[in-house]
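For reference, the structure is listed below as structure tokens.
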Amino acid sequence: MIRLKNEKQINGIRTSCRMLSSMFQELLPLVVPGVETLELDRWTRRWIQKAGGKPAFLGYGPEANPFPAAICISINDEVIHGIPSKRKILEGDLVSLDCGIDLGGFISDQAVTVEAGKVTEAAHNLNRITQECLYRGILAAKAGDRLLQIARSVHSHAIAHGYGVVHQFCGHGVGFEVHEEPAVSNNPKGPNPRMQSGFVIAIEPMINLGTGDVTIKDDGWTVVTADHKLSAHWEHTVAIFKDHTEILTERLDSAS
């Protein structure tokens, strides 16, 4: 569990997060119908290397099946951890991008769902509400308050619009490792510690058009909705201080 203790740590994580946000700003216009997801992964690797960082996700996971890419690209019914391939993005796809940068041992994490071309109204609304869930969760992240306030904010907003909330996967602490304690659930039940000043966490609602249940594909990574309906995923890394909460991965103005 990361607790920021000094300005060196704070500035190191801020710099990593701002680098990641800058990368996304350049990447999003490239997510268009006709592009191969593998080419987006190659672009991401080149960008991170040129910027002086390392892809935090590349090689992450079990030794027998490490994640083989720099960025997770999950399309339509794929919730998270989609592996880039020669698959081409199609008009109307929902494309979730999830990436992290290791900058001298400081880890950042961010996810954005992009609407490729003209999507259906149902897809657009799902994406919009998922982004709203993220910012409601961030508003609930305050020093001294309980962690499940984040989950309640995310869950209640999604359920009010008739969507399913993924509970099997969740946000997490981040900063020195890709995944750290505490688990930042979207399920309003479970462990409920107090958030403390110095916490750095990734808040990441994963919201589905249908059921919140998911399964994992044979590749051991790609998580898909159990009913194969659409999913959207948004994530920010945030730091909790005594008197405020800071979004370290800067805001993106829109989903498309």
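Chain labels A, B, ... are given in the sequence in which chains occur in the structure tokens; within each chain residues are numbered consecutively from 1, and ligands are likewise numbered from 1 in the order shown.
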>> Could you list, as a list in words, every residue within 12 Å of Thr215 in chain A, counting only C-alpha atoms and ignoring same-chain residues fewer than 2 positions away?
In response: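 Once the adjacent positions are removed, what remains is Asp77, Glu78, Val79, Ile80, His81, Val166, His167, Gln168, Phe169, Thr211, Gly212, Asp213, Lys217, Asp218, Asp219, Gly220, Trp221, Thr222, Val223, Val224, Thr225, Ala226, Asp227 and His228 of chain A.
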>> Neighbouring residues of Leu134 in chain A were defined as those with any atom within 8 Å, considering only C-alpha atoms; residues of the same chain fewer than 3 positions away were excluded. Please report them as a PyMOL selection string.
In response: chain A and resi 130-131+137-138+154+203-205+234-236
So that I have them on file, write out the residues from the current selection with N, CA and C atoms, as an mmCIF file, in the first residue's frame.
```
data_model
loop_
_atom_site.group_PDB
_atom_site.id
_atom_site.type_symbol
_atom_site.label_atom_id
_atom_site.label_comp_id
_atom_site.auth_asym_id
_atom_site.auth_seq_id
_atom_site.Cartn_x
_atom_site.Cartn_y
_atom_site.Cartn_z
ATOM 1 N N THR A 130 -20.595 5.705 -17.669
ATOM 2 C CA THR A 130 -19.411 5.108 -17.040
ATOM 3 C C THR A 130 -18.403 6.187 -16.671
ATOM 4 N N GLN A 131 -18.213 7.152 -17.557
ATOM 5 C CA GLN A 131 -17.313 8.269 -17.239
ATOM 6 C C GLN A 131 -17.856 9.064 -16.055
ATOM 7 N N GLY A 137 -17.057 8.662 -8.286
ATOM 8 C CA GLY A 137 -16.177 7.931 -7.388
ATOM 9 C C GLY A 137 -15.045 8.801 -6.881
ATOM 10 N N ILE A 138 -14.460 9.617 -7.756
ATOM 11 C CA ILE A 138 -13.372 10.506 -7.356
ATOM 12 C C ILE A 138 -13.854 11.519 -6.313
ATOM 13 N N VAL A 154 -20.194 4.926 -7.341
ATOM 14 C CA VAL A 154 -20.134 4.300 -8.656
ATOM 15 C C VAL A 154 -21.338 3.416 -8.885
ATOM 16 N N ILE A 203 -9.017 4.464 -9.451
ATOM 17 C CA ILE A 203 -10.470 4.251 -9.408
ATOM 18 C C ILE A 203 -10.908 3.907 -10.817
ATOM 19 N N GLU A 204 -11.582 2.762 -10.996
ATOM 20 C CA GLU A 204 -11.887 2.333 -12.365
ATOM 21 C C GLU A 204 -13.206 1.563 -12.464
ATOM 22 N N PRO A 205 -14.307 2.285 -12.636
ATOM 23 C CA PRO A 205 -15.577 1.605 -12.893
ATOM 24 C C PRO A 205 -15.570 0.883 -14.229
ATOM 25 N N TRP A 234 -13.503 3.302 -17.539
ATOM 26 C CA TRP A 234 -12.784 4.566 -17.350
ATOM 27 C C TRP A 234 -11.994 4.484 -16.055
ATOM 28 N N GLU A 235 -10.808 5.104 -16.039
ATOM 29 C CA GLU A 235 -9.934 5.010 -14.862
ATOM 30 C C GLU A 235 -9.041 6.241 -14.750
ATOM 31 N N HIS A 236 -8.856 6.698 -13.521
ATOM 32 C CA HIS A 236 -7.867 7.720 -13.201
ATOM 33 C C HIS A 236 -7.058 7.275 -11.995
#
```
> Near Gln110 in chain A, counting only C-alpha atoms, which residues have an atom at most 12 Å away, once you skip same-chain residues fewer than 3 positions from it, shown as a ChimeraX atom specification?
Replying inline: /A:16-25,56-57,71-72,96-101,107,113,134,171-172,174,178,201-205,233-238,247-252
Go ahead and save the picked residues with C-alpha atoms, as a PDB file, in the first residue's frame.
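Dumped everything to out.pdb:
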```pdb
ATOM      1  CA  SER A  16       4.551   9.581 -14.519  1.00  0.00           C
ATOM      2  CA  CYS A  17       0.826  10.298 -14.487  1.00  0.00           C
ATOM      3  CA  ARG A  18       1.136  13.458 -16.560  1.00  0.00           C
ATOM      4  CA  MET A  19       3.264  11.588 -19.067  1.00  0.00           C
ATOM      5  CA  LEU A  20       0.569   8.935 -19.379  1.00  0.00           C
ATOM      6  CA  SER A  21      -2.180  11.516 -19.801  1.00  0.00           C
ATOM      7  CA  SER A  22      -0.145  13.250 -22.508  1.00  0.00           C
ATOM      8  CA  MET A  23       0.282   9.946 -24.300  1.00  0.00           C
ATOM      9  CA  PHE A  24      -3.464   9.356 -24.270  1.00  0.00           C
ATOM     10  CA  GLN A  25      -4.132  12.800 -25.701  1.00  0.00           C
ATOM     11  CA  ALA A  56       4.229  -0.995 -16.988  1.00  0.00           C
ATOM     12  CA  PHE A  57       1.915  -3.696 -18.348  1.00  0.00           C
ATOM     13  CA  ILE A  71      -1.595  -1.435 -23.663  1.00  0.00           C
ATOM     14  CA  CYS A  72      -4.839  -3.305 -23.088  1.00  0.00           C
ATOM     15  CA  SER A  96     -11.420   0.636 -24.100  1.00  0.00           C
ATOM     16  CA  LEU A  97      -7.743   1.555 -23.743  1.00  0.00           C
ATOM     17  CA  ASP A  98      -5.905   0.835 -20.479  1.00  0.00           C
ATOM     18  CA  CYS A  99      -2.226   1.657 -20.033  1.00  0.00           C
ATOM     19  CA  GLY A 100       0.419   2.274 -17.398  1.00  0.00           C
ATOM     20  CA  ILE A 101       3.876   3.834 -17.448  1.00  0.00           C
ATOM     21  CA  ILE A 107       3.784   3.800 -11.831  1.00  0.00           C
ATOM     22  CA  THR A 113     -13.211   4.236 -23.632  1.00  0.00           C
ATOM     23  CA  LEU A 134     -15.633   7.580 -12.446  1.00  0.00           C
ATOM     24  CA  GLY A 171      -9.490  -0.573  -8.784  1.00  0.00           C
ATOM     25  CA  HIS A 172      -6.433  -0.696  -6.572  1.00  0.00           C
ATOM     26  CA  VAL A 174      -0.864   2.127  -7.437  1.00  0.00           C
ATOM     27  CA  VAL A 178       1.019  -1.914 -10.930  1.00  0.00           C
ATOM     28  CA  ILE A 201      -5.346   4.739  -5.824  1.00  0.00           C
ATOM     29  CA  ALA A 202      -6.694   3.872  -9.259  1.00  0.00           C
ATOM     30  CA  ILE A 203     -10.470   4.251  -9.408  1.00  0.00           C
ATOM     31  CA  GLU A 204     -11.887   2.333 -12.365  1.00  0.00           C
ATOM     32  CA  PRO A 205     -15.577   1.605 -12.893  1.00  0.00           C
ATOM     33  CA  HIS A 233     -14.162   1.286 -18.717  1.00  0.00           C
ATOM     34  CA  TRP A 234     -12.784   4.566 -17.350  1.00  0.00           C
ATOM     35  CA  GLU A 235      -9.934   5.010 -14.862  1.00  0.00           C
ATOM     36  CA  HIS A 236      -7.867   7.720 -13.201  1.00  0.00           C
ATOM     37  CA  THR A 237      -4.986   7.575 -10.753  1.00  0.00           C
ATOM     38  CA  VAL A 238      -5.720   9.906  -7.834  1.00  0.00           C
ATOM     39  CA  ILE A 247      -6.498  13.649 -10.190  1.00  0.00           C
ATOM     40  CA  LEU A 248      -2.948  12.765 -11.199  1.00  0.00           C
ATOM     41  CA  THR A 249      -3.870  11.549 -14.675  1.00  0.00           C
ATOM     42  CA  GLU A 250      -5.394  14.742 -16.011  1.00  0.00           C
ATOM     43  CA  ARG A 251      -8.950  14.988 -17.207  1.00  0.00           C
ATOM     44  CA  LEU A 252      -9.852  14.168 -20.772  1.00  0.00           C
TER      45      LEU A 252
END
```
>> Report, in Å to a single decimal, how far apart CA of Trp47 in chain A and CA of Ser231 in chain A are.
In response: 27.2 Å
>> My list of candidates is A:Lys189, A:Gly173, A:Lys142, A:Tyr135. Which is closest to Asp243 in chain A when distances are computed with only C-alpha atoms?
In response: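 So, comparing all the options, the nearest one is A:Lys142.
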> Near range 163-165 of chain A, within 6 Å and counting only C-alpha atoms, which residues show up once chain neighbours fewer than 4 positions away are dropped, as a PyMOL selection string?
Replying inline: chain A and resi 158-159+207-212
>> Could you pull out the alpha helix (DSSP H) residues of range 22-104 of chain A, going by DSSP on the backbone, and write them as a list of chain:residue names?
In response: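 Result set for range 22-104 of chain A (alpha helix (DSSP H)): A:Ser22, A:Met23, A:Phe24, A:Gln25, A:Glu26, A:Leu27, A:Thr37, A:Leu38, A:Glu39, A:Leu40, A:Asp41, A:Arg42, A:Trp43, A:Thr44, A:Arg45, A:Arg46, A:Trp47, A:Ile48, A:Gln49, A:Lys50, A:Ala51.
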>> When DSSP is applied to the backbone of this structure, which of range 88-191 of chain A are assigned strand (DSSP E or B)? Write them out as a PyMOL selection string.
In response: chain A and resi 88+94-103+106-115+146+164-165+171-173+180-184
Could you take the residues named above and write them with C-alpha atoms, as a PDB file, in the first residue's frame?
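Printed below is out_3.pdb as written:
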```
ATOM      1  CA  LYS A  88      -9.253  -3.985 -37.018  1.00  0.00           C
ATOM      2  CA  LEU A  94     -16.538   0.869 -28.200  1.00  0.00           C
ATOM      3  CA  VAL A  95     -12.779   0.648 -27.649  1.00  0.00           C
ATOM      4  CA  SER A  96     -11.420   0.636 -24.100  1.00  0.00           C
ATOM      5  CA  LEU A  97      -7.743   1.555 -23.743  1.00  0.00           C
ATOM      6  CA  ASP A  98      -5.905   0.835 -20.479  1.00  0.00           C
ATOM      7  CA  CYS A  99      -2.226   1.657 -20.033  1.00  0.00           C
ATOM      8  CA  GLY A 100       0.419   2.274 -17.398  1.00  0.00           C
ATOM      9  CA  ILE A 101       3.876   3.834 -17.448  1.00  0.00           C
ATOM     10  CA  ASP A 102       6.833   2.960 -15.226  1.00  0.00           C
ATOM     11  CA  LEU A 103       8.933   6.123 -14.963  1.00  0.00           C
ATOM     12  CA  PHE A 106       6.875   5.426 -10.331  1.00  0.00           C
ATOM     13  CA  ILE A 107       3.784   3.800 -11.831  1.00  0.00           C
ATOM     14  CA  SER A 108       0.784   5.520 -13.435  1.00  0.00           C
ATOM     15  CA  ASP A 109      -2.482   3.924 -14.615  1.00  0.00           C
ATOM     16  CA  GLN A 110      -5.343   5.277 -16.741  1.00  0.00           C
ATOM     17  CA  ALA A 111      -8.167   3.930 -18.900  1.00  0.00           C
ATOM     18  CA  VAL A 112     -10.401   5.616 -21.469  1.00  0.00           C
ATOM     19  CA  THR A 113     -13.211   4.236 -23.632  1.00  0.00           C
ATOM     20  CA  VAL A 114     -13.295   5.679 -27.152  1.00  0.00           C
ATOM     21  CA  GLU A 115     -16.250   5.709 -29.518  1.00  0.00           C
ATOM     22  CA  ARG A 146     -14.506   5.112   4.280  1.00  0.00           C
ATOM     23  CA  GLY A 164     -24.543  -3.936 -14.639  1.00  0.00           C
ATOM     24  CA  VAL A 165     -21.498  -3.235 -12.465  1.00  0.00           C
ATOM     25  CA  GLY A 171      -9.490  -0.573  -8.784  1.00  0.00           C
ATOM     26  CA  HIS A 172      -6.433  -0.696  -6.572  1.00  0.00           C
ATOM     27  CA  GLY A 173      -3.554   1.085  -4.977  1.00  0.00           C
ATOM     28  CA  GLU A 180      -1.169  -2.613  -4.627  1.00  0.00           C
ATOM     29  CA  GLU A 181      -3.483  -2.629  -1.645  1.00  0.00           C
ATOM     30  CA  PRO A 182      -6.096  -1.460  -1.005  1.00  0.00           C
ATOM     31  CA  ALA A 183      -8.571  -2.996  -3.429  1.00  0.00           C
ATOM     32  CA  VAL A 184     -10.867  -0.204  -4.635  1.00  0.00           C
TER      33      VAL A 184
END
```
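Shell of Leu147 in chain A at 8 Å, with only C-alpha atoms counted and residues fewer than 3 places along the chain excluded, is A:Ala141, A:Ile150, A:Ala151, A:Val184, A:Asn192, A:Pro193, A:Arg194, A:Met195.
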> What does the distance between CA of Val119 in chain A and CA of Leu230 in chain A come to in Å, to one decimal place?
Replying inline: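 Atom-to-atom, CA of Val119 in chain A and CA of Leu230 in chain A are spaced 11.6 Å apart.
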>> Between CA of Phe241 in chain A and CA of Tyr60 in chain A, what is the distance in Å, rounded to a tenth?
In response: 29.2 Å
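Considering the residues A:Gly175, A:Gly117, A:Gly198, A:Arg42 and counting only C-alpha atoms, Thr15 in chain A has its shortest atom-to-atom contact with A:Gly175.
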> Which residue gives the smallest distance to Ala70 in chain A among A:Lys86, A:Arg45, A:Lys50, A:His157, with only C-alpha atoms counted?
Replying inline: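 Of all the options, A:Arg45 lies closest to Ala70 in chain A.
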> Hey, which of A:Gly59, A:Lys118, A:Asp93, A:Ile129 ends up closest to Gly162 in chain A? Count only C-alpha atoms.
Replying inline: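 Counting only C-alpha atoms, the residue closest to Gly162 in chain A is A:Ile129.
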Which residues are close to Ser197 in chain A, i.e. within 10 Å by only C-alpha atoms, leaving aside same-chain residues fewer than 6 positions away? Reply as a PDB file with C-alpha atoms, in the first residue's frame.
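This is the output file part_8.pdb:
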```pdb
ATOM      1  CA  ARG A   3       1.546   6.229   1.319  1.00  0.00           C
ATOM      2  CA  LEU A   4       3.193   9.327  -0.114  1.00  0.00           C
ATOM      3  CA  LYS A   5       5.817  10.463   2.382  1.00  0.00           C
ATOM      4  CA  LYS A 142     -11.642  11.884   0.784  1.00  0.00           C
ATOM      5  CA  ALA A 143      -9.136  11.474   3.580  1.00  0.00           C
ATOM      6  CA  GLY A 144     -10.795  10.168   6.743  1.00  0.00           C
ATOM      7  CA  ALA A 239      -3.817  11.004  -4.738  1.00  0.00           C
ATOM      8  CA  ILE A 240      -5.682  11.636  -1.497  1.00  0.00           C
ATOM      9  CA  PHE A 241      -4.342  14.445   0.669  1.00  0.00           C
ATOM     10  CA  LYS A 242      -5.586  15.785   3.994  1.00  0.00           C
ATOM     11  CA  ASP A 243      -7.417  18.737   2.453  1.00  0.00           C
ATOM     12  CA  HIS A 244      -8.057  17.659  -1.148  1.00  0.00           C
ATOM     13  CA  THR A 245      -7.959  14.829  -3.686  1.00  0.00           C
TER      14      THR A 245
END
```
